$ cat model_15.txt   # compact mmCIF, C-alpha atoms
# COMPACT_ATOMS: atom_id res chain seq x y z
CA MET A 1 -20.44 10.97 31.91
CA LYS A 2 -16.84 10.82 30.78
CA GLN A 3 -16.26 10.48 27.03
CA PRO A 4 -14.05 7.55 25.98
CA LYS A 5 -10.59 8.72 24.96
CA LYS A 6 -10.17 8.90 21.20
CA PRO A 7 -7.29 6.66 20.08
CA GLN A 8 -4.18 8.59 19.10
CA VAL A 9 -3.37 8.44 15.39
CA ILE A 10 0.19 7.41 14.55
CA ARG A 11 1.54 8.67 11.24
CA ARG A 12 4.09 6.45 9.46
CA ALA A 13 5.86 7.15 6.18
CA PHE A 14 8.23 5.12 4.03
CA THR A 15 10.16 5.54 0.82
CA LEU A 16 10.34 2.82 -1.81
CA ARG A 17 12.08 2.60 -5.17
CA LEU A 18 10.67 1.04 -8.32
CA LYS A 19 12.65 -0.57 -11.11
CA PRO A 20 12.70 1.40 -14.38
CA GLY A 21 9.63 0.71 -16.50
CA SER A 22 7.57 -0.80 -13.67
CA PHE A 23 5.40 2.15 -12.62
CA ALA A 24 2.40 1.32 -14.87
CA LYS A 25 2.18 -2.23 -13.55
CA TYR A 26 2.65 -1.07 -9.93
CA LYS A 27 -0.16 1.49 -10.36
CA HIS A 28 -2.42 -1.07 -12.05
CA TYR A 29 -2.05 -3.52 -9.15
CA HIS A 30 -2.79 -0.80 -6.60
CA ASP A 31 -5.77 0.50 -8.58
CA ASN A 32 -7.10 -3.07 -8.42
CA ILE A 33 -6.04 -3.97 -4.87
CA TRP A 34 -7.40 -7.28 -3.63
CA PRO A 35 -10.41 -6.96 -1.29
CA GLU A 36 -8.87 -9.58 1.02
CA LEU A 37 -5.71 -7.47 1.30
CA VAL A 38 -7.81 -4.40 2.15
CA ARG A 39 -9.55 -6.43 4.89
CA GLU A 40 -6.16 -7.50 6.27
CA VAL A 41 -4.84 -3.92 6.20
CA GLU A 42 -7.90 -2.81 8.16
CA SER A 43 -7.76 -5.68 10.66
CA CYS A 44 -4.10 -4.88 11.37
CA GLY A 45 -5.06 -1.36 12.44
CA ILE A 46 -4.01 0.62 9.38
CA ALA A 47 -6.66 3.28 8.84
CA GLN A 48 -5.23 4.98 5.77
CA ILE A 49 -2.49 4.52 3.17
CA THR A 50 -1.57 7.10 0.54
CA THR A 51 1.27 6.71 -1.95
CA PHE A 52 2.93 9.51 -3.92
CA GLU A 53 5.43 9.07 -6.75
CA ASN A 54 8.29 11.02 -8.21
CA ASP A 55 9.74 9.05 -11.11
CA LEU A 56 11.01 5.81 -9.50
CA GLN A 57 10.80 7.13 -5.94
CA LEU A 58 7.63 6.34 -4.00
CA PHE A 59 6.55 7.99 -0.76
CA LEU A 60 4.04 6.04 1.30
CA TYR A 61 2.09 7.78 4.09
CA SER A 62 -0.15 5.93 6.52
CA GLU A 63 -2.24 6.52 9.60
CA ILE A 64 -2.36 3.71 12.13
CA TYR A 65 -3.75 3.18 15.63
CA ASP A 66 -1.43 0.37 16.73
CA LYS A 67 2.37 0.74 16.75
CA LYS A 68 2.66 -2.85 15.54
CA ALA A 69 0.16 -2.47 12.67
CA TRP A 70 2.72 -2.63 9.86
CA ASP A 71 4.56 -5.56 11.46
CA LYS A 72 1.25 -7.41 11.71
CA LEU A 73 0.52 -6.78 8.03
CA TRP A 74 4.03 -7.72 6.89
CA GLY A 75 3.70 -10.98 8.82
CA SER A 76 0.41 -11.99 7.17
CA LYS A 77 -0.04 -14.64 4.49
CA ILE A 78 -2.00 -12.32 2.17
CA HIS A 79 0.77 -9.71 2.34
CA ASP A 80 3.32 -12.41 1.46
CA GLN A 81 1.28 -13.12 -1.67
CA TRP A 82 1.09 -9.40 -2.51
CA ALA A 83 4.84 -9.04 -1.91
CA GLU A 84 5.50 -11.82 -4.46
CA LEU A 85 3.53 -9.78 -7.00
CA MET A 86 5.43 -6.58 -6.14
CA GLU A 87 8.90 -8.17 -6.02
CA PRO A 88 9.66 -7.94 -9.76
CA LEU A 89 8.70 -4.24 -9.71
CA MET A 90 10.80 -3.09 -6.75
CA GLN A 91 14.48 -2.19 -6.51
CA PHE A 92 16.55 -4.11 -3.98
CA ARG A 93 19.63 -3.15 -1.98
CA PRO A 94 22.82 -5.23 -2.17
CA ASP A 95 21.75 -7.03 1.04
CA GLY A 96 18.69 -8.42 -0.80
CA LYS A 97 16.12 -6.25 1.01
CA VAL A 98 13.67 -3.94 -0.76
CA ASP A 99 15.19 -0.48 -1.28
CA ALA A 100 12.91 1.14 1.27
CA GLY A 101 13.21 3.06 4.47
CA PRO A 102 11.14 4.71 7.17
CA LEU A 103 10.91 8.48 7.39
CA ARG A 104 11.00 10.44 10.63
CA GLU A 105 8.21 12.96 11.12
CA ILE A 106 9.63 16.42 11.71
CA PHE A 107 6.56 18.65 11.39
CA HIS A 108 2.80 18.30 11.61
CA LEU A 109 0.14 21.03 11.45
CA GLU A 110 -3.57 20.67 12.02
CA THR A 111 -6.01 23.52 11.54
CA THR A 112 -9.73 23.80 11.97
CA ALA A 113 -10.24 24.06 8.19
CA ALA A 114 -11.55 20.50 7.90
CA LYS A 115 -13.90 20.72 10.87
CA PRO A 116 -17.45 22.12 10.64
CA LYS A 117 -17.55 25.51 12.31
CA THR A 118 -20.07 26.65 14.87
CA THR A 119 -21.59 30.13 14.64
CA GLN A 120 -19.20 31.43 17.34
CA GLU A 121 -16.13 30.00 15.57
CA ARG A 122 -17.11 31.71 12.30
CA LYS A 123 -16.97 35.07 14.09
CA SER A 124 -13.49 34.59 15.58
CA PRO A 125 -10.20 34.07 13.73
CA ALA A 126 -9.04 30.50 13.15
CA SER A 127 -6.20 29.21 15.25
CA GLY A 128 -3.81 26.59 13.97
CA LYS A 129 -1.90 24.16 16.12
CA ALA A 130 1.63 23.30 15.11
CA ARG A 131 3.39 20.51 16.87
CA ARG A 132 7.06 19.72 16.83
CA THR A 133 7.69 16.01 16.45
CA ASN A 134 10.77 13.96 17.14
$ encode --input "model_15.txt" --output "structure tokens"
Amino acid sequence: MKQPKKPQVIRRAFTLRLKPGSFAKYKHYHDNIWPELVREVESCGIAQITTFENDLQLFLYSEIYDKKAWDKLWGSKIHDQWAELMEPLMQFRPDGKVDAGPLREIFHLETTAAKPKTTQERKSPASGKARRTN
């Protein structure tokens, strides 16, 4: 019997900029994210979101299974409500849009470190797979 093909994960990353003095409030909102927003994120096909910060610069990493997942979320009513909450915290460009931008993936490495090893695999050296991305 043929195994169903596992959906291909799509990694997306963005940068965002906060206004000075807004990090604590931004973090508080995300530490207390609305359950209905989480449900919407999931239903749009976003499997994972992680945000890192460096002063006012934020780096958002996500794993999705639908190329249109973010567009679906950004077009939802619950995200519009969340965006209203975030608006006073975010920096904007002169054109009135949030100071944000997508990042292009240039390197990805997966190893077997996270996978349980069989007896045979424990006896042989690990092999990593590096993949060049566009």
$ residues_around --input "model_15.txt" --residues "Leu58 (chain A)" --least-positions-apart "4" --cutoff "6 Å" --atoms "all atoms listed in the file" --output "PyMOL selection string"
chain A and resi 15-17+52-53
$ atom_distance --input "model_15.txt" --atom1 "CA of Pro35 (chain A)" --atom2 "CA of Leu85 (chain A)"
15.3 Å
$ closest_residue --input "model_15.txt" --among "A:Ala13, A:Met86, A:Ile64, A:Ile106" --to "Ile33 (chain A)" --atoms "only C-alpha atoms"
A:Met86
$ atom_distance --input "model_15.txt" --atom1 "CA of Ala47 (chain A)" --atom2 "CA of Ser62 (chain A)"
7.4 Å
$ residues_around --input "model_15.txt" --residues "Ser43 (chain A)" --least-positions-apart "4" --cutoff "10 Å" --atoms "all atoms listed in the file" --output "VMD selection string"
chain A and resid 37 to 39 47 69 72 to 73
$ atom_distance --input "model_15.txt" --atom1 "CA of Phe107 (chain A)" --atom2 "CA of Val9 (chain A)"
14.8 Å
$ residues_around --input "model_15.txt" --residues "Ser22 (chain A)" --least-positions-apart "6" --cutoff "9 Å" --atoms "all atoms listed in the file" --output "number ranges by chain"
A: 56, 88-90
$ closest_residue --input "model_15.txt" --among "A:Gly75, A:Lys6, A:Tyr61, A:Tyr29" --to "Arg104 (chain A)" --atoms "only C-alpha atoms"
A:Tyr61
$ residues_around --input "model_15.txt" --residues "Ser76 (chain A)" --least-positions-apart "5" --cutoff "9 Å" --atoms "all atoms listed in the file" --output "list in words"
Glu40, Asp71 and Gln81 of chain A
$ write_last_selection --input "model_15.txt" --atoms "C-alpha atoms" --output "PDB file, in the coordinates of the input"
ATOM      1  CA  GLU A  40      -6.160  -7.500   6.270  1.00  0.00           C
ATOM      2  CA  ASP A  71       4.560  -5.560  11.460  1.00  0.00           C
ATOM      3  CA  GLN A  81       1.280 -13.120  -1.670  1.00  0.00           C
TER       4      GLN A  81
END
$ closest_residue --input "model_15.txt" --among "A:Trp34, A:Thr50, A:Phe23, A:Lys115" --to "Glu63 (chain A)" --atoms "only C-alpha atoms"
A:Thr50
$ closest_residue --input "model_15.txt" --among "A:Trp70, A:Tyr65, A:Trp82, A:Phe14" --to "Tyr26 (chain A)" --atoms "only C-alpha atoms"
A:Trp82
$ axis_aligned_box --input "model_15.txt" --around "region 32-40 of chain A" --padding-each-side "5 Å" --output "JSON"
{"center_x": -8.1, "center_y": -6.3, "center_z": -1.1, "size_x": 14.7, "size_y": 16.5, "size_z": 24.7}
$ build_atoms --input "model_15.txt" --residues "region 16-51 of chain A" --atoms "N, CA and C atoms" --output "PDB file, in the coordinates of the input"
ATOM      1  N   LEU A  16      10.115   4.047  -1.043  1.00  0.00           N
ATOM      2  CA  LEU A  16      10.340   2.820  -1.810  1.00  0.00           C
ATOM      3  C   LEU A  16      10.871   3.225  -3.174  1.00  0.00           C
ATOM      4  N   ARG A  17      11.581   2.314  -3.822  1.00  0.00           N
ATOM      5  CA  ARG A  17      12.080   2.600  -5.170  1.00  0.00           C
ATOM      6  C   ARG A  17      11.632   1.505  -6.128  1.00  0.00           C
ATOM      7  N   LEU A  18      11.097   1.959  -7.272  1.00  0.00           N
ATOM      8  CA  LEU A  18      10.670   1.040  -8.320  1.00  0.00           C
ATOM      9  C   LEU A  18      11.810   0.806  -9.316  1.00  0.00           C
ATOM     10  N   LYS A  19      11.737  -0.321  -9.994  1.00  0.00           N
ATOM     11  CA  LYS A  19      12.650  -0.570 -11.110  1.00  0.00           C
ATOM     12  C   LYS A  19      12.190   0.256 -12.301  1.00  0.00           C
ATOM     13  N   PRO A  20      13.101   0.661 -13.173  1.00  0.00           N
ATOM     14  CA  PRO A  20      12.700   1.400 -14.380  1.00  0.00           C
ATOM     15  C   PRO A  20      11.659   0.611 -15.171  1.00  0.00           C
ATOM     16  N   GLY A  21      10.662   1.320 -15.657  1.00  0.00           N
ATOM     17  CA  GLY A  21       9.630   0.710 -16.500  1.00  0.00           C
ATOM     18  C   GLY A  21       8.554  -0.050 -15.745  1.00  0.00           C
ATOM     19  N   SER A  22       8.545   0.001 -14.417  1.00  0.00           N
ATOM     20  CA  SER A  22       7.570  -0.800 -13.670  1.00  0.00           C
ATOM     21  C   SER A  22       6.416   0.008 -13.076  1.00  0.00           C
ATOM     22  N   PHE A  23       6.430   1.327 -13.251  1.00  0.00           N
ATOM     23  CA  PHE A  23       5.400   2.150 -12.620  1.00  0.00           C
ATOM     24  C   PHE A  23       3.983   1.776 -13.080  1.00  0.00           C
ATOM     25  N   ALA A  24       3.759   1.604 -14.362  1.00  0.00           N
ATOM     26  CA  ALA A  24       2.400   1.320 -14.870  1.00  0.00           C
ATOM     27  C   ALA A  24       1.837   0.050 -14.235  1.00  0.00           C
ATOM     28  N   LYS A  25       2.647  -0.980 -14.143  1.00  0.00           N
ATOM     29  CA  LYS A  25       2.180  -2.230 -13.550  1.00  0.00           C
ATOM     30  C   LYS A  25       1.923  -2.051 -12.041  1.00  0.00           C
ATOM     31  N   TYR A  26       2.821  -1.343 -11.360  1.00  0.00           N
ATOM     32  CA  TYR A  26       2.650  -1.070  -9.930  1.00  0.00           C
ATOM     33  C   TYR A  26       1.327  -0.328  -9.701  1.00  0.00           C
ATOM     34  N   LYS A  27       1.073   0.695 -10.492  1.00  0.00           N
ATOM     35  CA  LYS A  27      -0.160   1.490 -10.360  1.00  0.00           C
ATOM     36  C   LYS A  27      -1.384   0.627 -10.665  1.00  0.00           C
ATOM     37  N   HIS A  28      -1.305  -0.195 -11.704  1.00  0.00           N
ATOM     38  CA  HIS A  28      -2.420  -1.070 -12.050  1.00  0.00           C
ATOM     39  C   HIS A  28      -2.788  -1.997 -10.886  1.00  0.00           C
ATOM     40  N   TYR A  29      -1.779  -2.625 -10.276  1.00  0.00           N
ATOM     41  CA  TYR A  29      -2.050  -3.520  -9.150  1.00  0.00           C
ATOM     42  C   TYR A  29      -2.708  -2.758  -7.999  1.00  0.00           C
ATOM     43  N   HIS A  30      -2.225  -1.557  -7.710  1.00  0.00           N
ATOM     44  CA  HIS A  30      -2.790  -0.800  -6.600  1.00  0.00           C
ATOM     45  C   HIS A  30      -4.171  -0.231  -6.931  1.00  0.00           C
ATOM     46  N   ASP A  31      -4.428   0.072  -8.178  1.00  0.00           N
ATOM     47  CA  ASP A  31      -5.770   0.500  -8.580  1.00  0.00           C
ATOM     48  C   ASP A  31      -6.769  -0.647  -8.500  1.00  0.00           C
ATOM     49  N   ASN A  32      -6.264  -1.870  -8.477  1.00  0.00           N
ATOM     50  CA  ASN A  32      -7.100  -3.070  -8.420  1.00  0.00           C
ATOM     51  C   ASN A  32      -6.729  -3.922  -7.202  1.00  0.00           C
ATOM     52  N   ILE A  33      -6.485  -3.269  -6.073  1.00  0.00           N
ATOM     53  CA  ILE A  33      -6.040  -3.970  -4.870  1.00  0.00           C
ATOM     54  C   ILE A  33      -7.046  -5.041  -4.470  1.00  0.00           C
ATOM     55  N   TRP A  34      -6.543  -6.150  -3.994  1.00  0.00           N
ATOM     56  CA  TRP A  34      -7.400  -7.280  -3.630  1.00  0.00           C
ATOM     57  C   TRP A  34      -8.251  -6.922  -2.409  1.00  0.00           C
ATOM     58  N   PRO A  35      -9.537  -7.228  -2.450  1.00  0.00           N
ATOM     59  CA  PRO A  35     -10.410  -6.960  -1.290  1.00  0.00           C
ATOM     60  C   PRO A  35      -9.914  -7.665  -0.025  1.00  0.00           C
ATOM     61  N   GLU A  36      -9.364  -8.866  -0.163  1.00  0.00           N
ATOM     62  CA  GLU A  36      -8.870  -9.580   1.020  1.00  0.00           C
ATOM     63  C   GLU A  36      -7.638  -8.907   1.617  1.00  0.00           C
ATOM     64  N   LEU A  37      -6.851  -8.233   0.779  1.00  0.00           N
ATOM     65  CA  LEU A  37      -5.710  -7.470   1.300  1.00  0.00           C
ATOM     66  C   LEU A  37      -6.215  -6.224   2.033  1.00  0.00           C
ATOM     67  N   VAL A  38      -7.224  -5.568   1.490  1.00  0.00           N
ATOM     68  CA  VAL A  38      -7.810  -4.400   2.150  1.00  0.00           C
ATOM     69  C   VAL A  38      -8.348  -4.804   3.526  1.00  0.00           C
ATOM     70  N   ARG A  39      -9.027  -5.949   3.608  1.00  0.00           N
ATOM     71  CA  ARG A  39      -9.550  -6.430   4.890  1.00  0.00           C
ATOM     72  C   ARG A  39      -8.413  -6.674   5.884  1.00  0.00           C
ATOM     73  N   GLU A  40      -7.313  -7.233   5.397  1.00  0.00           N
ATOM     74  CA  GLU A  40      -6.160  -7.500   6.270  1.00  0.00           C
ATOM     75  C   GLU A  40      -5.521  -6.199   6.737  1.00  0.00           C
ATOM     76  N   VAL A  41      -5.381  -5.238   5.840  1.00  0.00           N
ATOM     77  CA  VAL A  41      -4.840  -3.920   6.200  1.00  0.00           C
ATOM     78  C   VAL A  41      -5.681  -3.325   7.331  1.00  0.00           C
ATOM     79  N   GLU A  42      -6.989  -3.365   7.155  1.00  0.00           N
ATOM     80  CA  GLU A  42      -7.900  -2.810   8.160  1.00  0.00           C
ATOM     81  C   GLU A  42      -7.802  -3.569   9.477  1.00  0.00           C
ATOM     82  N   SER A  43      -7.795  -4.891   9.419  1.00  0.00           N
ATOM     83  CA  SER A  43      -7.760  -5.680  10.660  1.00  0.00           C
ATOM     84  C   SER A  43      -6.441  -5.516  11.410  1.00  0.00           C
ATOM     85  N   CYS A  44      -5.396  -5.117  10.721  1.00  0.00           N
ATOM     86  CA  CYS A  44      -4.100  -4.880  11.370  1.00  0.00           C
ATOM     87  C   CYS A  44      -4.036  -3.507  12.044  1.00  0.00           C
ATOM     88  N   GLY A  45      -5.026  -2.663  11.797  1.00  0.00           N
ATOM     89  CA  GLY A  45      -5.060  -1.360  12.440  1.00  0.00           C
ATOM     90  C   GLY A  45      -4.540  -0.221  11.591  1.00  0.00           C
ATOM     91  N   ILE A  46      -4.446  -0.438  10.283  1.00  0.00           N
ATOM     92  CA  ILE A  46      -4.010   0.620   9.380  1.00  0.00           C
ATOM     93  C   ILE A  46      -5.267   1.291   8.832  1.00  0.00           C
ATOM     94  N   ALA A  47      -5.443   2.569   9.196  1.00  0.00           N
ATOM     95  CA  ALA A  47      -6.660   3.280   8.840  1.00  0.00           C
ATOM     96  C   ALA A  47      -6.584   3.904   7.456  1.00  0.00           C
ATOM     97  N   GLN A  48      -5.372   4.240   7.024  1.00  0.00           N
ATOM     98  CA  GLN A  48      -5.230   4.980   5.770  1.00  0.00           C
ATOM     99  C   GLN A  48      -3.835   4.758   5.202  1.00  0.00           C
ATOM    100  N   ILE A  49      -3.768   4.597   3.891  1.00  0.00           N
ATOM    101  CA  ILE A  49      -2.490   4.520   3.170  1.00  0.00           C
ATOM    102  C   ILE A  49      -2.620   5.402   1.942  1.00  0.00           C
ATOM    103  N   THR A  50      -1.635   6.253   1.729  1.00  0.00           N
ATOM    104  CA  THR A  50      -1.570   7.100   0.540  1.00  0.00           C
ATOM    105  C   THR A  50      -0.162   6.979  -0.018  1.00  0.00           C
ATOM    106  N   THR A  51      -0.041   6.796  -1.326  1.00  0.00           N
ATOM    107  CA  THR A  51       1.270   6.710  -1.950  1.00  0.00           C
ATOM    108  C   THR A  51       1.413   7.819  -2.981  1.00  0.00           C
TER     109      THR A  51
END
